[in-house]
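For reference, the structure discussed in these notes is given below.
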Amino acid sequence: MDAAIKQAMIAKDNGEIPVGAVLVDDKGNMVTESGNLTIKNNDPTAHAEINVIRERCAELGTQRIPDHDLYVTLEPCPMCAAAISNARIRRVYFGAYDPKSGGVDHGAKIFSHPQCHHKPEVTGGVMERECSLLLKDFFEGKRF
């Protein structure tokens, strides 16, 4: 999660919402990392999770990466949760819970729908305090 937090801080420094993600392969190697890039790329789908999934799938020439684990600083939104399921990611570890826009433990709860074909193992609250503070500090700086 430390590497995901580092990516979130880079995103924050670039004016993005501070969310970072990393993918780890079945040997425990971190294989790709990214922060949010929605502003830089003018792309509302360029969330950290989507970025690492796209990069790794392109690198491997496949649409599914079932032997990978995702670490992300914020509970994935519904869009990202659906992408995680479609990529068949094995495990998801996230930091801060997102009661407003989350799609795993809150809101749409994508992985609990009967239409969800793949349900990864999910662990929330990993380094929750550190991940939550990044977001809190960012949004407090945006308010007047």
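By order in the structure tokens, chains are A, B, ...; within a chain, residues start at 1; ligands start at 1, following the order shown.
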
Exercise. If you run DSSP over the backbone, which residues in region 89-138 of chain A end up strand (DSSP E)? Put them as a VMD selection string.
Key: chain A and resid 91 to 96 121 to 123

Can you write just those residues out, N, CA and C atoms, as a compact mmCIF listing (two decimals), in the first residue's frame?
```txt
# COMPACT_ATOMS: atom_id res chain seq x y z
N ARG A 91 -7.36 -10.50 -6.00
CA ARG A 91 -7.62 -9.86 -4.70
C ARG A 91 -7.54 -8.34 -4.85
N VAL A 92 -8.36 -7.66 -4.03
CA VAL A 92 -8.34 -6.20 -3.98
C VAL A 92 -8.13 -5.80 -2.53
N TYR A 93 -7.15 -4.94 -2.32
CA TYR A 93 -6.88 -4.36 -1.01
C TYR A 93 -7.06 -2.86 -1.17
N PHE A 94 -7.95 -2.26 -0.38
CA PHE A 94 -8.09 -0.81 -0.48
C PHE A 94 -7.95 -0.16 0.89
N GLY A 95 -7.60 1.12 0.84
CA GLY A 95 -7.34 1.87 2.06
C GLY A 95 -8.59 2.51 2.63
N ALA A 96 -8.93 3.70 2.14
CA ALA A 96 -10.06 4.46 2.66
C ALA A 96 -11.38 3.92 2.11
N GLU A 121 -11.46 -11.52 -3.92
CA GLU A 121 -11.35 -11.42 -2.47
C GLU A 121 -11.05 -9.95 -2.17
N VAL A 122 -11.78 -9.35 -1.22
CA VAL A 122 -11.63 -7.93 -0.94
C VAL A 122 -11.28 -7.71 0.53
N THR A 123 -10.28 -6.86 0.76
CA THR A 123 -9.92 -6.43 2.10
C THR A 123 -9.89 -4.91 2.11
```

Practice problem: Excluding region 99-101 of chain A and residues on its chain fewer than 3 positions from it, collect all residues at most 10 Å away from it, counting only C-alpha atoms, and give them as a ChimeraX atom specification. | Solution: /A:75-78,96,104-108

Only N, CA, C and O atoms, please: the residues just picked out, written as a PDB file, in the first residue's frame.
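Printed below is result-v2.pdb as written:
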```pdb
ATOM      1  N   GLU A  75     -11.570   2.953  -1.801  1.00  0.00           N
ATOM      2  CA  GLU A  75     -12.538   1.951  -2.248  1.00  0.00           C
ATOM      3  C   GLU A  75     -12.905   2.211  -3.710  1.00  0.00           C
ATOM      4  O   GLU A  75     -13.283   3.326  -4.067  1.00  0.00           O
ATOM      5  N   PRO A  76     -12.778   1.214  -4.564  1.00  0.00           N
ATOM      6  CA  PRO A  76     -13.092   1.430  -5.977  1.00  0.00           C
ATOM      7  C   PRO A  76     -14.538   1.866  -6.210  1.00  0.00           C
ATOM      8  O   PRO A  76     -15.458   1.400  -5.543  1.00  0.00           O
ATOM      9  N   CYS A  77     -14.699   2.768  -7.175  1.00  0.00           N
ATOM     10  CA  CYS A  77     -16.033   3.214  -7.580  1.00  0.00           C
ATOM     11  C   CYS A  77     -16.698   2.087  -8.384  1.00  0.00           C
ATOM     12  O   CYS A  77     -16.039   1.095  -8.725  1.00  0.00           O
ATOM     13  N   PRO A  78     -17.970   2.216  -8.717  1.00  0.00           N
ATOM     14  CA  PRO A  78     -18.626   1.164  -9.495  1.00  0.00           C
ATOM     15  C   PRO A  78     -17.941   0.872 -10.829  1.00  0.00           C
ATOM     16  O   PRO A  78     -17.830  -0.300 -11.221  1.00  0.00           O
ATOM     17  N   ALA A  96      -8.930   3.701   2.139  1.00  0.00           N
ATOM     18  CA  ALA A  96     -10.056   4.463   2.660  1.00  0.00           C
ATOM     19  C   ALA A  96     -11.376   3.923   2.109  1.00  0.00           C
ATOM     20  O   ALA A  96     -11.470   3.550   0.942  1.00  0.00           O
ATOM     21  N   VAL A 104     -17.896  -0.988  -3.823  1.00  0.00           N
ATOM     22  CA  VAL A 104     -17.574  -2.323  -3.306  1.00  0.00           C
ATOM     23  C   VAL A 104     -18.323  -2.567  -1.997  1.00  0.00           C
ATOM     24  O   VAL A 104     -19.201  -3.427  -1.935  1.00  0.00           O
ATOM     25  N   ASP A 105     -18.004  -1.820  -0.963  1.00  0.00           N
ATOM     26  CA  ASP A 105     -18.690  -1.950   0.327  1.00  0.00           C
ATOM     27  C   ASP A 105     -19.850  -0.968   0.463  1.00  0.00           C
ATOM     28  O   ASP A 105     -20.636  -1.070   1.387  1.00  0.00           O
ATOM     29  N   HIS A 106     -19.919   0.003  -0.423  1.00  0.00           N
ATOM     30  CA  HIS A 106     -20.966   1.024  -0.388  1.00  0.00           C
ATOM     31  C   HIS A 106     -21.619   1.125  -1.766  1.00  0.00           C
ATOM     32  O   HIS A 106     -21.149   0.534  -2.733  1.00  0.00           O
ATOM     33  N   GLY A 107     -22.680   1.902  -1.834  1.00  0.00           N
ATOM     34  CA  GLY A 107     -23.309   2.195  -3.121  1.00  0.00           C
ATOM     35  C   GLY A 107     -23.737   0.959  -3.885  1.00  0.00           C
ATOM     36  O   GLY A 107     -24.468   0.107  -3.379  1.00  0.00           O
ATOM     37  N   ALA A 108     -23.247   0.850  -5.110  1.00  0.00           N
ATOM     38  CA  ALA A 108     -23.678  -0.218  -6.019  1.00  0.00           C
ATOM     39  C   ALA A 108     -23.266  -1.624  -5.583  1.00  0.00           C
ATOM     40  O   ALA A 108     -23.889  -2.596  -6.006  1.00  0.00           O
TER      41      ALA A 108
END
```

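When only C-alpha atoms are used to measure the gap to Cys57 (chain A), the shortest distance among A:Cys116, A:Ala81, A:Leu134, A:Val31 belongs to A:Val31.
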
Self-check item: Given only C-alpha atoms as the counted atoms, nearest of A:Ser85, A:Ala58, A:Lys12, A:Asp67 to Gln115 (chain A)
Solution: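 Ranking A:Ser85, A:Ala58, A:Lys12, A:Asp67 by distance to Gln115 (chain A), first place goes to A:Ser85.
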
Quiz item: Using only C-alpha atoms, which of A:Glu33, A:Asp98, A:Asp137, A:Asp2 sits nearest Asn51 (chain A)?
Solution: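 For Asn51 (chain A), the nearest of the given residues is A:Glu33.
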
Quiz item: Which is closer to Tyr97 (chain A) than all the others in A:Ala83, A:Val126, A:Ile5, A:Val52, using only C-alpha atoms?
Solution: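 Smallest separation from Tyr97 (chain A) among the options: A:Val126.
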
Practice problem: Tell me, as JSON, numbers by chain, which residues lie within 10 Å of Thr73 (chain A), counting only C-alpha atoms; anything in the same chain fewer than 4 positions away does not count. | Solution: {"A": [1, 2, 3, 4, 5, 6, 7, 8, 18, 19, 20, 21, 22, 35, 48, 49, 93, 94, 95, 96, 97, 124, 125, 126, 127, 128, 130, 131, 132, 134, 135]}

Practice problem: Just the alpha helix (DSSP H) stuff from chain A, please, per backbone DSSP, written as a ChimeraX atom specification. | Solution: /A:2-13,48-60,78-87,128-142

Practice problem: Could you please determine the separation between CA of Lys119 (chain A) and CA of Leu133 (chain A) in Å, to one decimal place? | Solution: 28.5 Å

Practice problem: Go through A:Val72, A:Ile39, A:Ile10, A:Cys80 and flag the residue nearest Arg54 (chain A), using only C-alpha atoms for the distances. | Solution: A:Cys80

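With only C-alpha atoms as the basis for measurement, A:Asn86 is the residue among A:Asn86, A:Ser112, A:Ser34, A:Asn14 that approaches Thr62 (chain A) most closely.
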